[in-house]
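Below is protein-v2.txt, which holds compact mmCIF, C-alpha atoms.
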```txt
# COMPACT_ATOMS: atom_id res chain seq x y z
CA MET A 1 0.00 0.00 0.00
CA GLU A 2 1.29 3.42 -0.93
CA THR A 3 1.81 6.11 1.71
CA LEU A 4 0.73 9.77 1.61
CA ARG A 5 4.32 10.80 0.80
CA GLY A 6 4.54 8.13 -1.89
CA SER A 7 1.26 9.27 -3.41
CA ILE A 8 2.47 12.90 -3.53
CA LYS A 9 5.58 11.75 -5.39
CA SER A 10 3.51 9.60 -7.76
CA TYR A 11 1.35 12.56 -8.75
CA ALA A 12 4.41 14.77 -9.26
CA PHE A 13 6.02 12.09 -11.43
CA GLU A 14 2.80 11.66 -13.43
CA TYR A 15 2.92 15.33 -14.47
CA LEU A 16 6.54 15.39 -15.69
CA GLY A 17 6.71 17.10 -19.08
CA GLN A 18 3.48 19.09 -18.77
CA GLU A 19 4.00 22.37 -20.62
CA GLU A 20 2.37 25.74 -20.32
CA ASN A 21 1.14 27.89 -23.14
CA LYS A 22 3.56 30.81 -23.51
CA GLY A 23 3.32 33.50 -20.84
CA ASN A 24 1.68 31.37 -18.12
CA MET A 25 -1.51 31.34 -20.20
CA GLY A 26 -2.82 27.89 -19.36
CA PHE A 27 -1.47 24.51 -20.37
CA LYS A 28 -1.15 22.52 -23.59
CA ASP A 29 -2.83 19.44 -22.05
CA PRO A 30 -6.52 20.31 -21.50
CA GLU A 31 -6.90 17.84 -18.59
CA PHE A 32 -3.88 19.28 -16.75
CA ASP A 33 -5.14 22.80 -17.52
CA LYS A 34 -8.52 21.92 -15.97
CA LYS A 35 -6.91 20.48 -12.82
CA MET A 36 -4.64 23.52 -12.38
CA LYS A 37 -7.59 25.90 -12.79
CA GLU A 38 -9.55 23.92 -10.19
CA ILE A 39 -6.62 24.47 -7.78
CA GLY A 40 -6.68 28.23 -8.45
CA MET A 41 -4.54 28.84 -11.53
CA VAL A 42 -5.36 32.09 -13.27
CA ASP A 43 -3.81 32.94 -16.64
CA GLY A 44 -0.65 34.95 -16.09
CA TYR A 45 0.17 33.47 -12.66
CA ALA A 46 3.52 31.93 -11.87
CA TRP A 47 2.43 28.36 -11.15
CA CYS A 48 5.17 26.46 -9.32
CA CYS A 49 3.39 26.63 -5.95
CA LEU A 50 0.04 25.79 -7.52
CA PHE A 51 1.66 22.69 -9.03
CA THR A 52 2.82 21.52 -5.57
CA GLU A 53 -0.65 22.18 -4.22
CA LEU A 54 -2.18 20.05 -6.99
CA CYS A 55 0.10 17.11 -6.13
CA TRP A 56 -0.73 17.39 -2.43
CA VAL A 57 -4.47 17.83 -2.92
CA GLU A 58 -4.71 14.78 -5.19
CA ALA A 59 -2.77 12.66 -2.66
CA TYR A 60 -4.78 13.96 0.30
CA LYS A 61 -8.06 13.12 -1.48
CA GLU A 62 -6.97 9.47 -1.25
CA PHE A 63 -5.26 9.38 2.15
CA ALA A 64 -6.71 12.11 4.36
CA PRO A 65 -9.63 13.97 2.78
CA GLU A 66 -10.50 15.49 6.15
CA MET A 67 -7.32 17.60 5.80
CA LEU A 68 -8.36 19.25 2.51
CA PRO A 69 -9.88 22.34 4.23
CA ILE A 70 -6.52 22.97 5.95
CA LEU A 71 -4.69 22.72 2.63
CA LYS A 72 -7.18 25.08 0.97
CA LYS A 73 -6.66 27.62 3.75
CA GLU A 74 -2.84 27.47 3.87
CA PHE A 75 -1.86 27.27 0.18
CA SER A 76 -1.70 30.33 -2.06
CA ALA A 77 -0.20 31.02 -5.48
CA GLY A 78 2.63 32.83 -3.67
CA THR A 79 5.47 30.60 -2.50
CA VAL A 80 6.73 32.79 0.34
CA ARG A 81 3.18 33.39 1.59
CA THR A 82 2.45 29.66 1.44
CA PHE A 83 5.57 28.89 3.48
CA ARG A 84 4.60 31.48 6.11
CA HIS A 85 1.10 30.02 6.35
CA PHE A 86 2.36 26.48 6.90
CA LYS A 87 5.07 27.68 9.29
CA SER A 88 2.40 29.34 11.44
CA ILE A 89 0.70 25.94 11.90
CA LYS A 90 4.02 24.18 12.51
CA TRP A 91 4.18 22.10 9.33
CA THR A 92 7.71 23.23 8.34
CA SER A 93 11.26 22.08 8.95
CA LYS A 94 14.81 22.61 7.69
CA VAL A 95 15.22 18.84 7.16
CA PRO A 96 14.02 17.43 3.82
CA GLU A 97 12.05 14.24 3.33
CA GLU A 98 10.49 12.72 0.24
CA GLY A 99 7.05 14.17 -0.47
CA ASP A 100 7.83 17.50 1.19
CA ILE A 101 7.43 20.80 -0.59
CA VAL A 102 10.68 22.76 -0.72
CA ILE A 103 10.26 26.54 -0.75
CA TRP A 104 12.85 29.06 -1.89
CA GLN A 105 12.76 32.84 -1.63
CA THR A 106 14.48 35.04 -4.19
CA TYR A 107 17.35 37.16 -2.84
CA LYS A 108 19.17 39.99 -4.64
CA LYS A 109 22.40 41.30 -3.12
CA GLY A 110 21.39 39.88 0.26
CA LYS A 111 17.89 41.39 0.23
CA ALA A 112 14.79 39.23 0.29
CA GLN A 113 12.36 39.69 -2.58
CA THR A 114 8.66 38.82 -2.58
CA THR A 115 9.09 36.08 -5.19
CA GLY A 116 10.25 32.50 -4.80
CA HIS A 117 9.93 28.98 -6.11
CA ALA A 118 8.45 25.66 -4.94
CA ALA A 119 8.96 21.98 -5.77
CA ILE A 120 8.15 18.47 -4.58
CA VAL A 121 11.08 16.61 -2.97
CA MET A 122 11.50 13.25 -4.72
CA GLU A 123 14.81 12.07 -3.17
CA VAL A 124 17.22 13.23 -0.49
CA ASN A 125 20.91 12.62 -1.16
CA GLY A 126 23.03 14.10 1.63
CA ARG A 127 23.35 17.82 0.90
CA SER A 128 21.25 17.67 -2.26
CA ILE A 129 17.70 16.86 -3.25
CA LYS A 130 16.04 15.67 -6.43
CA THR A 131 12.84 17.57 -7.13
CA ILE A 132 9.96 17.78 -9.55
CA GLU A 133 9.06 21.39 -10.23
CA GLY A 134 6.41 23.23 -12.16
CA ASN A 135 7.14 26.47 -14.01
CA THR A 136 10.83 25.68 -14.40
CA ASN A 137 13.25 25.69 -17.33
CA ASP A 138 16.43 24.02 -18.52
CA LYS A 139 18.59 26.54 -16.62
CA GLY A 140 16.97 25.70 -13.25
CA GLY A 141 15.40 29.11 -12.68
CA ARG A 142 12.12 29.93 -11.03
CA GLU A 143 10.50 31.00 -14.30
CA GLY A 144 9.87 28.47 -16.98
CA TYR A 145 7.41 26.60 -19.07
CA ILE A 146 7.46 22.94 -17.98
CA VAL A 147 7.17 20.39 -15.16
CA ALA A 148 10.69 18.97 -14.90
CA SER A 149 13.01 17.05 -12.60
CA LYS A 150 15.95 18.94 -11.06
CA ASN A 151 18.86 18.24 -8.74
CA ARG A 152 19.25 21.00 -6.15
CA ILE A 153 21.81 21.75 -3.45
CA ILE A 154 20.39 22.35 0.03
CA ASP A 155 21.34 26.01 0.57
CA PHE A 156 19.88 28.30 3.22
CA LYS A 157 22.45 31.09 2.68
CA ASN A 158 22.33 32.14 -1.00
CA ASP A 159 22.36 35.96 -1.20
CA ASN A 160 21.83 36.13 -4.97
CA GLY A 161 19.18 33.86 -6.44
CA LEU A 162 17.04 31.25 -4.73
CA ARG A 163 17.57 30.77 -0.97
CA MET A 164 15.81 27.86 0.70
CA LEU A 165 13.36 28.83 3.40
CA GLY A 166 12.62 25.24 4.33
CA PHE A 167 10.36 22.28 3.75
CA ILE A 168 6.61 21.93 4.22
CA LYS A 169 5.75 18.53 5.71
CA PRO A 170 2.63 16.52 4.87
CA LYS A 171 0.66 15.74 8.02
CA VAL A 172 -2.47 13.86 8.95
CA LEU A 173 -4.75 13.96 12.00
CA ASN A 174 -3.98 11.35 14.62
```
Written as structure tokens, how would this file's structure read?
Amino acid sequence: METLRGSIKSYAFEYLGQEENKGNMGFKDPEFDKKMKEIGMVDGYAWCCLFTELCWVEAYKEFAPEMLPILKKEFSAGTVRTFRHFKSIKWTSKVPEEGDIVIWQTYKKGKAQTTGHAAIVMEVNGRSIKTIEGNTNDKGGREGYIVASKNRIIDFKNDNGLRMLGFIKPKVLN
């Protein structure tokens, strides 16, 4: 039997290769487009965090549907806002595990920006993680056009680019 974390990873893997229409204007696959819009995608939005929400919501529907109202309340299209919401309910950590959502905040010359990036953790390998990310590109940036797999270094100190804030942990009621 699959676990909640395993189910999150399975959904992320299922969506590898999904591509947006240019300019964050929906998706080429009509079924994926419909699912993303049901989560809250609006044309023009950056969608990395919405992608992680989709993976979690689909897994929670199977494993812990009673938790869906919490997810709806805590997720937003904004990565930094989403991290703050989950941190306030104590669902975050600095230690990665498979199925977590990793959140980065953009920094420029040591100053935090309002933007960021989000991904599903697929594997943990010492000081690096393998992720599946929406709205990424072949250079590994936070803006892109596709759901792709990336290898990322665990880095909480980057002053120029993406700095990890931490990991959002899937939880269930006892």
### Query
Which residue gives the smallest distance to A:Phe63 among A:Lys87, A:Arg5, A:Arg81, A:Lys34, with only C-alpha atoms counted?
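Ranking A:Lys87, A:Arg5, A:Arg81, A:Lys34 by distance to A:Phe63, first place goes to A:Arg5.
Interatomic distance, atom CA of A:Gly78 to atom CA of A:Arg127: 26.0 Å.
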#### Entry: Proximity to A:Lys171 - best of A:Asp100, A:Glu31, A:Asp155, A:Glu53, all atoms listed in the file
A:Asp100
### Task
Using atom CA of A:Ser10 and atom CA of A:Ile132 as the two end points, give the distance in Å to one decimal.
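Between atom CA of A:Ser10 and atom CA of A:Ile132 the gap is 10.6 Å.
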### Message
List the spatial neighbours of stretch 161-165 of chain A as a list in words - criterion: any atom at most 6 Å away, all atoms listed in the file, same-chain residues fewer than 3 positions off excluded.
### Response
Ile103, Trp104, Gln105, Thr106, Tyr107, Asp155, Phe156 and Asn158 of chain A
### Given all atoms listed in the file as the counted atoms, nearest of A:Thr131, A:Ser76, A:Ser7, A:Ser88 to A:Met41
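Of all the options, A:Ser76 lies closest to A:Met41.
Of the listed residues (A:Ile146, A:Gln18, A:Gly99, A:Asn137), A:Gly99 comes nearest to A:Met122; the distances count all atoms listed in the file.
When all atoms listed in the file are used to compute distances to A:Ala77, the closest of the residues A:Trp56, A:Phe13, A:Tyr45, A:Trp91 turns out to be A:Tyr45.
In this comparison, which uses only C-alpha atoms, the residue of A:Val147, A:Leu173, A:Leu68, A:Val121 approaching A:Glu133 most closely is A:Val147.
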### Query
What would the list of residues within 9 Å of (-0.8, 27.8, -3.0) (file frame) look like as a ChimeraX atom specification, if only C-alpha atoms are what count?
/A:39-40,47-54,71-79,81-82
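Computed from the coordinates, the atom CA of A:Thr136 to atom CA of A:Lys157 distance equals 21.4 Å.
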### Task
Excluding A:Asp138 and residues on its chain fewer than 6 positions from it, collect all residues at most 12 Å away from it, counting only C-alpha atoms, and give them as a VMD selection string.
chain A and resid 17 144 to 151
### Task
Might you pull out every residue within 7 Å of A:Ile168, with only C-alpha atoms counted and same-chain residues fewer than 6 positions away left off, and present them as a PyMOL selection string?
chain A and resi 86+91-93+100-102
Take the residues that were just selected and, keeping C-alpha atoms, output them as a PDB file, in the coordinates of the input.
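Result written to result.pdb:
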```pdb
ATOM      1  CA  PHE A  86       2.360  26.480   6.900  1.00  0.00           C
ATOM      2  CA  TRP A  91       4.180  22.100   9.330  1.00  0.00           C
ATOM      3  CA  THR A  92       7.710  23.230   8.340  1.00  0.00           C
ATOM      4  CA  SER A  93      11.260  22.080   8.950  1.00  0.00           C
ATOM      5  CA  ASP A 100       7.830  17.500   1.190  1.00  0.00           C
ATOM      6  CA  ILE A 101       7.430  20.800  -0.590  1.00  0.00           C
ATOM      7  CA  VAL A 102      10.680  22.760  -0.720  1.00  0.00           C
TER       8      VAL A 102
END
```
Any chance you could work out the axis-aligned box around stretch 110-121 of chain A, listed atoms only, 5 Å on each side, giving centre and edge lengths in Å to one decimal, as AutoDock Vina command-line options?
```
--center_x 14.8 --center_y 29.0 --center_z -2.9 --size_x 23.2 --size_y 34.8 --size_z 16.4
```
